[in-house]
Amino acid sequence: MQKYIEMTEKALHAYMKFEDKPQKKIYEAMEYSLFARGKRLRPVIMLMTAKMCGADPAIALPFACAIEMIHTYSLIHDDLPAMDNDDLRRGKPTNHKVFGEGIAILAGDALLNKAFEIVSEYDVPGVCKKTVLRAISALAQSSGTEGMIGGQVVDIESRNEDMELLKYLYSLKTGAIIRSAGVIGAILAEAEEDQTAAVDSFCLNLGIAFQIQDDILDVTGSEADLGKPIGSDAANHKSTYITLCGLEKSRDMVNKYTQKAIDSLAVFENRGELINLAETLISRKA
């Protein structure tokens with residue numbers, strides 16, 4: 001993963017160069033969360049997918065940076081007192097604890113806006129405008145009311161023990177952005193329809209496995225590893241796979257969805273990187 005992370009970090013820093021202006025506080029707040037030791041999972045998936053589909057991963061870099069900005073904005077907002085009310089993120093005080101709620105809200109808004117500034121200016125030789133518009137549409141839908149935001153609404157409003165609703169929540173709140181990461185990588189590489197569908201299935205199942213693993217780590221992990229307090233789901237009275245299925249069955253579900261993800265890639269010969277990534281995520285501690 002490291003080479004893709006380094007590609008993303010370099011590109012993100014290039015996009016985040018700002019002049020010294022009266023509104024510089026917003027830039028400081030954006031950078032504070034954007035460069036706070038993130039895993040860069042979504043950009044990595046996008047770049048790996050583009051390569052697997054036969055393209056130079058670099059063609060996806062602008063979209064990889066945009067999706068990381070959108071993910072970061074969602075974390076800033078998720079940590080706010082009106083949402084999960086968390087004090088730590090990635091081992092550091094959350095954005096609103098450092099900059100105040102007003103600036104934190106605006107920093108999230110600014111990162112979302114910056115993401116679409118970047119992709120609207122996408123101009124890579126060999127990638128046609130129609131392809132770019134498809135990628136932008138996928139990005140917008142995955143972060144909107146039928147994607148991440150919709151999942152956050154379900155998360156806020158639901159406190160019942162409904163397994164299907166929980167799976168739906170995970171498929172939107174966490175899964176939608178992960179799915180679009182893979183799908184956009186395939187779109188920009190101009191993959192065949194069956195290949196794009198295979199990537200979509202891989203990311204859908206990987207996203208669910210990833211969120212169930214998060215549920216497990218919220219119970220079994222340590223604050224030092226996670227960079228945030230453990231037990232926050234229980235404190236916020238949230239239903240999770242742990243509360244509905246128990247720990248051992250949840251671990252089985254992580255393995256099940258991970259294997260389904262891996263099986264989805266059978267149409268590709270050059271699938272080793274994404275398989276290794278999926279297998280690594282099963283045993284992660286953060």
# chains A, B, ... in the order shown; residues from 1 in each chain; ligands from 1

$ closest_atom_pairs --of "region 179-282 of chain A" --to "region 158-166 of chain A" --cutoff "9 Å" --atoms "only C-alpha atoms" --output "Markdown table"
| residue | atom | partner | partner_atom | distance |
| --- | --- | --- | --- | --- |
| A:His237 | CA | A:Arg159 | CA | 7.3 |
| A:Lys238 | CA | A:Arg159 | CA | 6.0 |
| A:Ser239 | CA | A:Arg159 | CA | 6.2 |
| A:Thr240 | CA | A:Leu166 | CA | 7.2 |
| A:Tyr241 | CA | A:Met163 | CA | 7.9 |
| A:Thr243 | CA | A:Glu161 | CA | 8.4 |
| A:Leu244 | CA | A:Glu161 | CA | 6.7 |
| A:Cys245 | CA | A:Met163 | CA | 9.0 |

$ write_last_selection --atoms "N, CA, C and O atoms" --output "PDB file, in the first residue's frame"
ATOM      1  N   HIS A 237     -25.332   4.240  22.575  1.00  0.00           N
ATOM      2  CA  HIS A 237     -26.485   3.327  22.478  1.00  0.00           C
ATOM      3  C   HIS A 237     -26.776   2.932  21.028  1.00  0.00           C
ATOM      4  O   HIS A 237     -27.929   2.870  20.592  1.00  0.00           O
ATOM      5  N   LYS A 238     -25.720   2.639  20.286  1.00  0.00           N
ATOM      6  CA  LYS A 238     -25.880   2.255  18.889  1.00  0.00           C
ATOM      7  C   LYS A 238     -25.952   0.740  18.752  1.00  0.00           C
ATOM      8  O   LYS A 238     -25.216   0.007  19.399  1.00  0.00           O
ATOM      9  N   SER A 239     -26.842   0.307  17.861  1.00  0.00           N
ATOM     10  CA  SER A 239     -26.839  -1.106  17.491  1.00  0.00           C
ATOM     11  C   SER A 239     -25.665  -1.353  16.555  1.00  0.00           C
ATOM     12  O   SER A 239     -25.393  -0.569  15.657  1.00  0.00           O
ATOM     13  N   THR A 240     -24.948  -2.448  16.784  1.00  0.00           N
ATOM     14  CA  THR A 240     -23.834  -2.847  15.934  1.00  0.00           C
ATOM     15  C   THR A 240     -23.933  -4.347  15.702  1.00  0.00           C
ATOM     16  O   THR A 240     -24.786  -5.026  16.285  1.00  0.00           O
ATOM     17  N   TYR A 241     -23.054  -4.870  14.866  1.00  0.00           N
ATOM     18  CA  TYR A 241     -23.030  -6.315  14.685  1.00  0.00           C
ATOM     19  C   TYR A 241     -22.678  -7.019  15.989  1.00  0.00           C
ATOM     20  O   TYR A 241     -23.122  -8.141  16.246  1.00  0.00           O
ATOM     21  N   THR A 243     -23.594  -6.043  19.090  1.00  0.00           N
ATOM     22  CA  THR A 243     -24.787  -6.085  19.949  1.00  0.00           C
ATOM     23  C   THR A 243     -25.841  -7.027  19.400  1.00  0.00           C
ATOM     24  O   THR A 243     -26.617  -7.605  20.162  1.00  0.00           O
ATOM     25  N   LEU A 244     -25.885  -7.203  18.083  1.00  0.00           N
ATOM     26  CA  LEU A 244     -26.914  -8.044  17.476  1.00  0.00           C
ATOM     27  C   LEU A 244     -26.486  -9.494  17.308  1.00  0.00           C
ATOM     28  O   LEU A 244     -27.324 -10.397  17.386  1.00  0.00           O
ATOM     29  N   CYS A 245     -25.185  -9.720  17.073  1.00  0.00           N
ATOM     30  CA  CYS A 245     -24.711 -11.079  16.751  1.00  0.00           C
ATOM     31  C   CYS A 245     -23.733 -11.648  17.766  1.00  0.00           C
ATOM     32  O   CYS A 245     -23.530 -12.867  17.798  1.00  0.00           O
TER      33      CYS A 245
END

$ residues_around --residues "Glu269 (chain A)" --least-positions-apart "2" --cutoff "12 Å" --atoms "only C-alpha atoms" --output "list of chain:residue names"
A:Lys51, A:Met52, A:Cys53, A:Gly54, A:Gln195, A:Leu265, A:Ala266, A:Val267, A:Arg271, A:Gly272, A:Glu273, A:Leu274, A:Ile275

$ write_last_selection --atoms "all heavy atoms" --output "short mmCIF file (atom, residue, chain, number, x, y, z; two decimals), in the first residue's frame"
data_model
loop_
_atom_site.label_atom_id
_atom_site.label_comp_id
_atom_site.auth_asym_id
_atom_site.auth_seq_id
_atom_site.Cartn_x
_atom_site.Cartn_y
_atom_site.Cartn_z
N LYS A 51 -5.06 0.44 -11.78
CA LYS A 51 -3.95 -0.39 -12.26
C LYS A 51 -4.45 -1.78 -12.66
O LYS A 51 -4.07 -2.31 -13.71
CB LYS A 51 -2.87 -0.50 -11.19
CG LYS A 51 -1.68 -1.34 -11.63
CD LYS A 51 -0.65 -1.48 -10.52
CE LYS A 51 0.49 -2.41 -10.94
NZ LYS A 51 1.46 -2.62 -9.86
N MET A 52 -5.31 -2.37 -11.84
CA MET A 52 -5.82 -3.71 -12.13
C MET A 52 -6.59 -3.73 -13.45
O MET A 52 -6.58 -4.73 -14.18
CB MET A 52 -6.74 -4.18 -10.99
CG MET A 52 -7.29 -5.57 -11.16
SD MET A 52 -8.31 -6.10 -9.74
CE MET A 52 -9.72 -5.00 -9.92
N CYS A 53 -7.22 -2.60 -13.77
CA CYS A 53 -8.01 -2.50 -14.99
C CYS A 53 -7.16 -2.07 -16.20
O CYS A 53 -7.70 -1.80 -17.27
CB CYS A 53 -9.17 -1.54 -14.80
SG CYS A 53 -10.42 -2.13 -13.63
N GLY A 54 -5.85 -1.99 -16.01
CA GLY A 54 -4.95 -1.77 -17.13
C GLY A 54 -4.50 -0.36 -17.38
O GLY A 54 -3.89 -0.08 -18.41
N GLN A 195 -16.28 -5.94 -15.72
CA GLN A 195 -15.18 -5.65 -14.80
C GLN A 195 -15.59 -4.60 -13.77
O GLN A 195 -15.29 -4.74 -12.58
CB GLN A 195 -13.96 -5.17 -15.58
CG GLN A 195 -13.32 -6.22 -16.46
CD GLN A 195 -12.15 -5.67 -17.25
OE1 GLN A 195 -12.18 -4.54 -17.73
NE2 GLN A 195 -11.10 -6.48 -17.38
N LEU A 265 -13.48 -10.75 -7.64
CA LEU A 265 -12.42 -10.31 -8.55
C LEU A 265 -11.93 -11.41 -9.48
O LEU A 265 -10.91 -11.24 -10.16
CB LEU A 265 -11.23 -9.77 -7.74
CG LEU A 265 -11.49 -8.54 -6.86
CD1 LEU A 265 -10.22 -8.15 -6.12
CD2 LEU A 265 -12.00 -7.37 -7.69
N ALA A 266 -12.66 -12.51 -9.56
CA ALA A 266 -12.21 -13.66 -10.36
C ALA A 266 -12.02 -13.31 -11.84
O ALA A 266 -11.25 -13.97 -12.54
CB ALA A 266 -13.19 -14.81 -10.22
N VAL A 267 -12.69 -12.26 -12.33
CA VAL A 267 -12.59 -11.90 -13.75
C VAL A 267 -11.25 -11.23 -14.08
O VAL A 267 -10.93 -11.05 -15.25
CB VAL A 267 -13.74 -10.96 -14.18
CG1 VAL A 267 -15.08 -11.66 -14.02
CG2 VAL A 267 -13.71 -9.65 -13.41
N ARG A 271 -5.09 -9.23 -9.95
CA ARG A 271 -5.90 -8.83 -8.80
C ARG A 271 -5.18 -8.96 -7.46
O ARG A 271 -5.76 -8.74 -6.40
CB ARG A 271 -7.18 -9.66 -8.75
CG ARG A 271 -6.97 -11.17 -8.66
CD ARG A 271 -8.30 -11.93 -8.74
NE ARG A 271 -8.13 -13.36 -8.59
CZ ARG A 271 -7.87 -14.21 -9.58
NH1 ARG A 271 -7.72 -13.75 -10.81
NH2 ARG A 271 -7.76 -15.50 -9.34
N GLY A 272 -3.90 -9.30 -7.51
CA GLY A 272 -3.17 -9.60 -6.29
C GLY A 272 -3.15 -8.48 -5.26
O GLY A 272 -3.29 -8.72 -4.06
N GLU A 273 -2.96 -7.23 -5.72
CA GLU A 273 -2.87 -6.11 -4.77
C GLU A 273 -4.16 -5.94 -3.97
O GLU A 273 -4.13 -5.76 -2.74
CB GLU A 273 -2.53 -4.82 -5.50
CG GLU A 273 -1.10 -4.77 -6.00
CD GLU A 273 -0.75 -3.44 -6.65
OE1 GLU A 273 -1.66 -2.71 -7.08
OE2 GLU A 273 0.45 -3.12 -6.71
N LEU A 274 -5.30 -6.01 -4.64
CA LEU A 274 -6.57 -5.82 -3.94
C LEU A 274 -6.90 -7.01 -3.04
O LEU A 274 -7.49 -6.83 -1.97
CB LEU A 274 -7.70 -5.58 -4.95
CG LEU A 274 -7.76 -4.15 -5.52
CD1 LEU A 274 -8.77 -4.06 -6.65
CD2 LEU A 274 -8.10 -3.14 -4.42
N ILE A 275 -6.50 -8.21 -3.43
CA ILE A 275 -6.70 -9.36 -2.56
C ILE A 275 -5.85 -9.21 -1.30
O ILE A 275 -6.34 -9.42 -0.18
CB ILE A 275 -6.35 -10.67 -3.29
CG1 ILE A 275 -7.40 -10.98 -4.36
CG2 ILE A 275 -6.26 -11.84 -2.30
CD1 ILE A 275 -7.08 -12.19 -5.21
#

$ residues_around --residues "Val44 (chain A)" --least-positions-apart "2" --cutoff "8 Å" --atoms "only C-alpha atoms" --output "ChimeraX atom specification"
/A:1,4-5,40-42,46-48,64

$ closest_residue --among "A:Val98, A:Leu139, A:Met83, A:Ala224" --to "Gly185 (chain A)" --atoms "only C-alpha atoms"
A:Leu139

$ closest_residue --among "A:Ala107, A:Ser201, A:Val119, A:Lys173" --to "Lys24 (chain A)" --atoms "only C-alpha atoms"
A:Ala107

$ select_by_dssp --residues "region 29-255 of chain A" --states "strand (DSSP E)" --output "PyMOL selection string"
chain A and resi 88-89+92-93

$ atom_distance --atom1 "CA of Ala191 (chain A)" --atom2 "CA of Ile45 (chain A)"
15.2 Å

$ residues_around --residues "region 214-221 of chain A" --least-positions-apart "5" --cutoff "12 Å" --atoms "only C-alpha atoms" --output "ChimeraX atom specification"
/A:166,170,174,207-209,226-235,238-254,281-286

$ atom_distance --atom1 "CA of Gly147 (chain A)" --atom2 "CA of Lys167 (chain A)"
13.2 Å

$ select_by_dssp --residues "region 4-156 of chain A" --states "alpha helix (DSSP H)" --output "PyMOL selection string"
chain A and resi 4-15+24-34+41-52+61-78+95-99+101-120+129-142+148-156

$ residues_around --residues "Thr8 (chain A)" --least-positions-apart "4" --cutoff "7 Å" --atoms "only C-alpha atoms" --output "list in words"
Tyr4, Leu12, Pro43, Leu61 and Cys65 of chain A

$ closest_residue --among "A:Ala29, A:Ala181, A:Leu111, A:Ile118" --to "Ala138 (chain A)" --atoms "only C-alpha atoms"
A:Ala181

$ atom_distance --atom1 "CA of Ile156 (chain A)" --atom2 "CA of Leu206 (chain A)"
23.1 Å

$ residues_around --residues "Thr72 (chain A)" --least-positions-apart "2" --cutoff "10 Å" --atoms "only C-alpha atoms" --output "PDB file with all heavy atoms, in the first residue's frame"
ATOM      1  N   MET A  30      -8.627  22.670   7.769  1.00  0.00           N
ATOM      2  CA  MET A  30      -8.724  21.638   6.722  1.00  0.00           C
ATOM      3  C   MET A  30      -7.495  20.731   6.763  1.00  0.00           C
ATOM      4  O   MET A  30      -7.605  19.507   6.756  1.00  0.00           O
ATOM      5  CB  MET A  30      -8.849  22.290   5.341  1.00  0.00           C
ATOM      6  CG  MET A  30     -10.153  23.034   5.109  1.00  0.00           C
ATOM      7  SD  MET A  30     -10.042  24.166   3.690  1.00  0.00           S
ATOM      8  CE  MET A  30      -9.993  23.008   2.316  1.00  0.00           C
ATOM      9  N   GLU A  31      -6.319  21.351   6.816  1.00  0.00           N
ATOM     10  CA  GLU A  31      -5.074  20.591   6.809  1.00  0.00           C
ATOM     11  C   GLU A  31      -4.902  19.775   8.085  1.00  0.00           C
ATOM     12  O   GLU A  31      -4.355  18.665   8.064  1.00  0.00           O
ATOM     13  CB  GLU A  31      -3.887  21.539   6.624  1.00  0.00           C
ATOM     14  CG  GLU A  31      -3.818  22.153   5.231  1.00  0.00           C
ATOM     15  CD  GLU A  31      -2.687  23.150   5.083  1.00  0.00           C
ATOM     16  OE1 GLU A  31      -2.327  23.778   6.111  1.00  0.00           O
ATOM     17  OE2 GLU A  31      -2.179  23.306   3.965  1.00  0.00           O
ATOM     18  N   SER A  33      -7.041  18.112   9.838  1.00  0.00           N
ATOM     19  CA  SER A  33      -7.694  16.810   9.766  1.00  0.00           C
ATOM     20  C   SER A  33      -7.257  16.002   8.552  1.00  0.00           C
ATOM     21  O   SER A  33      -7.145  14.772   8.622  1.00  0.00           O
ATOM     22  CB  SER A  33      -9.219  16.990   9.737  1.00  0.00           C
ATOM     23  OG  SER A  33      -9.692  17.479  10.973  1.00  0.00           O
ATOM     24  N   LEU A  34      -6.992  16.665   7.439  1.00  0.00           N
ATOM     25  CA  LEU A  34      -6.629  15.958   6.219  1.00  0.00           C
ATOM     26  C   LEU A  34      -5.295  15.232   6.364  1.00  0.00           C
ATOM     27  O   LEU A  34      -5.107  14.152   5.796  1.00  0.00           O
ATOM     28  CB  LEU A  34      -6.574  16.930   5.038  1.00  0.00           C
ATOM     29  CG  LEU A  34      -6.388  16.324   3.648  1.00  0.00           C
ATOM     30  CD1 LEU A  34      -7.528  15.373   3.298  1.00  0.00           C
ATOM     31  CD2 LEU A  34      -6.282  17.426   2.598  1.00  0.00           C
ATOM     32  N   PHE A  35      -4.383  15.804   7.135  1.00  0.00           N
ATOM     33  CA  PHE A  35      -3.048  15.209   7.282  1.00  0.00           C
ATOM     34  C   PHE A  35      -2.840  14.612   8.677  1.00  0.00           C
ATOM     35  O   PHE A  35      -1.731  14.587   9.188  1.00  0.00           O
ATOM     36  CB  PHE A  35      -1.972  16.246   6.964  1.00  0.00           C
ATOM     37  CG  PHE A  35      -2.038  16.729   5.540  1.00  0.00           C
ATOM     38  CD1 PHE A  35      -2.374  18.046   5.255  1.00  0.00           C
ATOM     39  CD2 PHE A  35      -1.801  15.865   4.485  1.00  0.00           C
ATOM     40  CE1 PHE A  35      -2.449  18.495   3.941  1.00  0.00           C
ATOM     41  CE2 PHE A  35      -1.867  16.298   3.176  1.00  0.00           C
ATOM     42  CZ  PHE A  35      -2.199  17.612   2.893  1.00  0.00           C
ATOM     43  N   ALA A  36      -3.912  14.089   9.243  1.00  0.00           N
ATOM     44  CA  ALA A  36      -3.850  13.534  10.603  1.00  0.00           C
ATOM     45  C   ALA A  36      -3.748  12.009  10.592  1.00  0.00           C
ATOM     46  O   ALA A  36      -4.592  11.305  11.122  1.00  0.00           O
ATOM     47  CB  ALA A  36      -5.078  13.976  11.400  1.00  0.00           C
ATOM     48  N   GLY A  38      -4.142   9.485   8.435  1.00  0.00           N
ATOM     49  CA  GLY A  38      -5.194   8.639   7.893  1.00  0.00           C
ATOM     50  C   GLY A  38      -4.634   7.426   7.154  1.00  0.00           C
ATOM     51  O   GLY A  38      -3.497   7.437   6.685  1.00  0.00           O
ATOM     52  N   ARG A  40      -5.710   6.322   4.298  1.00  0.00           N
ATOM     53  CA  ARG A  40      -5.810   6.569   2.850  1.00  0.00           C
ATOM     54  C   ARG A  40      -6.370   5.339   2.135  1.00  0.00           C
ATOM     55  O   ARG A  40      -6.001   5.053   1.000  1.00  0.00           O
ATOM     56  CB  ARG A  40      -4.460   6.958   2.233  1.00  0.00           C
ATOM     57  CG  ARG A  40      -3.722   8.094   2.938  1.00  0.00           C
ATOM     58  CD  ARG A  40      -4.529   9.349   3.039  1.00  0.00           C
ATOM     59  NE  ARG A  40      -3.723  10.507   3.472  1.00  0.00           N
ATOM     60  CZ  ARG A  40      -4.210  11.543   4.131  1.00  0.00           C
ATOM     61  NH1 ARG A  40      -5.501  11.575   4.457  1.00  0.00           N
ATOM     62  NH2 ARG A  40      -3.432  12.555   4.465  1.00  0.00           N
ATOM     63  N   ALA A  66      -9.691  13.791  -4.093  1.00  0.00           N
ATOM     64  CA  ALA A  66     -11.041  14.297  -3.838  1.00  0.00           C
ATOM     65  C   ALA A  66     -11.804  13.384  -2.889  1.00  0.00           C
ATOM     66  O   ALA A  66     -12.476  13.848  -1.952  1.00  0.00           O
ATOM     67  CB  ALA A  66     -11.800  14.440  -5.162  1.00  0.00           C
ATOM     68  N   ILE A  67     -11.683  12.066  -3.092  1.00  0.00           N
ATOM     69  CA  ILE A  67     -12.440  11.150  -2.240  1.00  0.00           C
ATOM     70  C   ILE A  67     -11.892  11.147  -0.817  1.00  0.00           C
ATOM     71  O   ILE A  67     -12.637  10.986   0.153  1.00  0.00           O
ATOM     72  CB  ILE A  67     -12.452   9.724  -2.851  1.00  0.00           C
ATOM     73  CG1 ILE A  67     -13.716   8.986  -2.415  1.00  0.00           C
ATOM     74  CG2 ILE A  67     -11.203   8.917  -2.491  1.00  0.00           C
ATOM     75  CD1 ILE A  67     -14.014   7.730  -3.204  1.00  0.00           C
ATOM     76  N   GLU A  68     -10.590  11.380  -0.662  1.00  0.00           N
ATOM     77  CA  GLU A  68     -10.025  11.479   0.689  1.00  0.00           C
ATOM     78  C   GLU A  68     -10.488  12.761   1.378  1.00  0.00           C
ATOM     79  O   GLU A  68     -10.737  12.763   2.587  1.00  0.00           O
ATOM     80  CB  GLU A  68      -8.506  11.420   0.631  1.00  0.00           C
ATOM     81  CG  GLU A  68      -7.836  11.347   1.998  1.00  0.00           C
ATOM     82  CD  GLU A  68      -8.119  10.046   2.747  1.00  0.00           C
ATOM     83  OE1 GLU A  68      -8.657   9.085   2.154  1.00  0.00           O
ATOM     84  OE2 GLU A  68      -7.799   9.992   3.958  1.00  0.00           O
ATOM     85  N   MET A  69     -10.642  13.832   0.623  1.00  0.00           N
ATOM     86  CA  MET A  69     -11.169  15.071   1.199  1.00  0.00           C
ATOM     87  C   MET A  69     -12.612  14.893   1.655  1.00  0.00           C
ATOM     88  O   MET A  69     -13.000  15.371   2.728  1.00  0.00           O
ATOM     89  CB  MET A  69     -11.065  16.200   0.178  1.00  0.00           C
ATOM     90  CG  MET A  69      -9.644  16.657  -0.081  1.00  0.00           C
ATOM     91  SD  MET A  69      -9.567  17.974  -1.327  1.00  0.00           S
ATOM     92  CE  MET A  69      -7.785  18.239  -1.414  1.00  0.00           C
ATOM     93  N   ILE A  70     -13.405  14.190   0.846  1.00  0.00           N
ATOM     94  CA  ILE A  70     -14.794  13.947   1.219  1.00  0.00           C
ATOM     95  C   ILE A  70     -14.861  13.055   2.461  1.00  0.00           C
ATOM     96  O   ILE A  70     -15.651  13.308   3.386  1.00  0.00           O
ATOM     97  CB  ILE A  70     -15.560  13.314   0.045  1.00  0.00           C
ATOM     98  CG1 ILE A  70     -15.741  14.352  -1.067  1.00  0.00           C
ATOM     99  CG2 ILE A  70     -16.921  12.773   0.492  1.00  0.00           C
ATOM    100  CD1 ILE A  70     -16.313  13.801  -2.356  1.00  0.00           C
ATOM    101  N   SER A  74     -16.354  14.112   6.235  1.00  0.00           N
ATOM    102  CA  SER A  74     -17.370  13.340   6.949  1.00  0.00           C
ATOM    103  C   SER A  74     -16.928  13.023   8.375  1.00  0.00           C
ATOM    104  O   SER A  74     -17.752  12.999   9.299  1.00  0.00           O
ATOM    105  CB  SER A  74     -17.683  12.044   6.190  1.00  0.00           C
ATOM    106  OG  SER A  74     -16.658  11.078   6.340  1.00  0.00           O
ATOM    107  N   LEU A  75     -15.635  12.799   8.569  1.00  0.00           N
ATOM    108  CA  LEU A  75     -15.122  12.520   9.918  1.00  0.00           C
ATOM    109  C   LEU A  75     -15.204  13.756  10.809  1.00  0.00           C
ATOM    110  O   LEU A  75     -15.559  13.657  11.988  1.00  0.00           O
ATOM    111  CB  LEU A  75     -13.673  12.028   9.832  1.00  0.00           C
ATOM    112  CG  LEU A  75     -13.420  10.734   9.061  1.00  0.00           C
ATOM    113  CD1 LEU A  75     -11.937  10.376   9.099  1.00  0.00           C
ATOM    114  CD2 LEU A  75     -14.265   9.588   9.589  1.00  0.00           C
ATOM    115  N   ILE A  76     -14.851  14.911  10.253  1.00  0.00           N
ATOM    116  CA  ILE A  76     -14.945  16.161  11.019  1.00  0.00           C
ATOM    117  C   ILE A  76     -16.370  16.364  11.506  1.00  0.00           C
ATOM    118  O   ILE A  76     -16.615  16.677  12.683  1.00  0.00           O
ATOM    119  CB  ILE A  76     -14.493  17.364  10.171  1.00  0.00           C
ATOM    120  CG1 ILE A  76     -13.011  17.266   9.840  1.00  0.00           C
ATOM    121  CG2 ILE A  76     -14.776  18.681  10.909  1.00  0.00           C
ATOM    122  CD1 ILE A  76     -12.526  18.334   8.865  1.00  0.00           C
ATOM    123  N   HIS A  77     -17.328  16.204  10.604  1.00  0.00           N
ATOM    124  CA  HIS A  77     -18.728  16.402  10.973  1.00  0.00           C
ATOM    125  C   HIS A  77     -19.229  15.299  11.904  1.00  0.00           C
ATOM    126  O   HIS A  77     -20.016  15.555  12.814  1.00  0.00           O
ATOM    127  CB  HIS A  77     -19.587  16.478   9.712  1.00  0.00           C
ATOM    128  CG  HIS A  77     -19.488  17.801   9.020  1.00  0.00           C
ATOM    129  ND1 HIS A  77     -20.343  18.185   8.013  1.00  0.00           N
ATOM    130  CD2 HIS A  77     -18.630  18.840   9.192  1.00  0.00           C
ATOM    131  CE1 HIS A  77     -20.017  19.398   7.589  1.00  0.00           C
ATOM    132  NE2 HIS A  77     -18.977  19.813   8.286  1.00  0.00           N
ATOM    133  N   ASP A  78     -18.781  14.065  11.684  1.00  0.00           N
ATOM    134  CA  ASP A  78     -19.209  12.942  12.509  1.00  0.00           C
ATOM    135  C   ASP A  78     -18.778  13.120  13.966  1.00  0.00           C
ATOM    136  O   ASP A  78     -19.457  12.652  14.883  1.00  0.00           O
ATOM    137  CB  ASP A  78     -18.602  11.648  11.955  1.00  0.00           C
ATOM    138  CG  ASP A  78     -19.526  10.452  12.106  1.00  0.00           C
ATOM    139  OD1 ASP A  78     -20.754  10.651  12.095  1.00  0.00           O
ATOM    140  OD2 ASP A  78     -19.020   9.324  12.233  1.00  0.00           O
ATOM    141  N   ALA A 107     -14.796  23.824   7.927  1.00  0.00           N
ATOM    142  CA  ALA A 107     -13.672  23.057   7.384  1.00  0.00           C
ATOM    143  C   ALA A 107     -14.182  21.823   6.640  1.00  0.00           C
ATOM    144  O   ALA A 107     -13.677  21.477   5.563  1.00  0.00           O
ATOM    145  CB  ALA A 107     -12.718  22.644   8.504  1.00  0.00           C
ATOM    146  N   GLY A 108     -15.172  21.163   7.211  1.00  0.00           N
ATOM    147  CA  GLY A 108     -15.788  20.032   6.525  1.00  0.00           C
ATOM    148  C   GLY A 108     -16.434  20.468   5.221  1.00  0.00           C
ATOM    149  O   GLY A 108     -16.234  19.847   4.167  1.00  0.00           O
ATOM    150  N   LEU A 111     -13.729  21.218   2.602  1.00  0.00           N
ATOM    151  CA  LEU A 111     -13.107  20.032   2.013  1.00  0.00           C
ATOM    152  C   LEU A 111     -14.022  19.387   0.973  1.00  0.00           C
ATOM    153  O   LEU A 111     -13.553  18.936  -0.083  1.00  0.00           O
ATOM    154  CB  LEU A 111     -12.758  19.020   3.106  1.00  0.00           C
ATOM    155  CG  LEU A 111     -11.508  19.364   3.926  1.00  0.00           C
ATOM    156  CD1 LEU A 111     -11.438  18.500   5.186  1.00  0.00           C
ATOM    157  CD2 LEU A 111     -10.241  19.173   3.101  1.00  0.00           C
ATOM    158  N   LEU A 112     -15.316  19.352   1.262  1.00  0.00           N
ATOM    159  CA  LEU A 112     -16.267  18.825   0.282  1.00  0.00           C
ATOM    160  C   LEU A 112     -16.248  19.671  -0.985  1.00  0.00           C
ATOM    161  O   LEU A 112     -16.201  19.149  -2.101  1.00  0.00           O
ATOM    162  CB  LEU A 112     -17.670  18.798   0.887  1.00  0.00           C
ATOM    163  CG  LEU A 112     -18.807  18.387  -0.054  1.00  0.00           C
ATOM    164  CD1 LEU A 112     -18.613  16.971  -0.575  1.00  0.00           C
ATOM    165  CD2 LEU A 112     -20.155  18.513   0.657  1.00  0.00           C
TER     166      LEU A 112
END

$ residues_around --residues "Arg179 (chain A)" --least-positions-apart "2" --cutoff "8 Å" --atoms "only C-alpha atoms" --output "tab-separated table (two decimals) with N, CA, C and O atoms, in the first residue's frame"
chain	number	residue	atom	x	y	z
A	142	SER	N	-22.32	8.88	-4.33
A	142	SER	CA	-21.86	8.09	-3.18
A	142	SER	C	-21.74	8.92	-1.91
A	142	SER	O	-21.77	8.36	-0.80
A	175	GLY	N	-19.94	2.01	3.18
A	175	GLY	CA	-19.74	1.29	1.93
A	175	GLY	C	-19.83	2.13	0.67
A	175	GLY	O	-19.13	1.85	-0.32
A	176	ALA	N	-20.68	3.15	0.66
A	176	ALA	CA	-20.92	3.90	-0.58
A	176	ALA	C	-19.66	4.58	-1.10
A	176	ALA	O	-19.35	4.53	-2.30
A	177	ILE	N	-18.90	5.21	-0.20
A	177	ILE	CA	-17.67	5.89	-0.63
A	177	ILE	C	-16.60	4.86	-1.03
A	177	ILE	O	-15.87	5.07	-2.01
A	181	ALA	N	-14.93	4.51	-4.75
A	181	ALA	CA	-13.48	4.52	-4.94
A	181	ALA	C	-13.08	3.50	-5.99
A	181	ALA	O	-12.32	3.79	-6.93
A	182	GLY	N	-13.60	2.28	-5.85
A	182	GLY	CA	-13.28	1.25	-6.82
A	182	GLY	C	-13.90	1.51	-8.18
A	182	GLY	O	-13.24	1.39	-9.23
A	183	VAL	N	-15.17	1.89	-8.18
A	183	VAL	CA	-15.88	2.11	-9.44
A	183	VAL	C	-15.26	3.24	-10.24
A	183	VAL	O	-15.10	3.15	-11.47
A	199	VAL	N	-15.77	-5.02	-9.69
A	199	VAL	CA	-15.14	-4.10	-8.73
A	199	VAL	C	-16.18	-3.57	-7.75
A	199	VAL	O	-15.92	-3.48	-6.53
A	200	ASP	N	-17.36	-3.25	-8.25
A	200	ASP	CA	-18.44	-2.76	-7.39
A	200	ASP	C	-18.80	-3.79	-6.33
A	200	ASP	O	-18.96	-3.47	-5.15
A	203	CYS	N	-16.01	-4.02	-3.68
A	203	CYS	CA	-16.01	-2.90	-2.73
A	203	CYS	C	-17.23	-2.91	-1.82
A	203	CYS	O	-17.13	-2.52	-0.64
A	204	LEU	N	-18.37	-3.35	-2.33
A	204	LEU	CA	-19.57	-3.45	-1.49
A	204	LEU	C	-19.32	-4.40	-0.33
A	204	LEU	O	-19.57	-4.07	0.84
A	207	GLY	N	-16.58	-3.09	2.06
A	207	GLY	CA	-17.07	-2.01	2.91
A	207	GLY	C	-17.84	-2.53	4.12
A	207	GLY	O	-17.68	-2.02	5.24
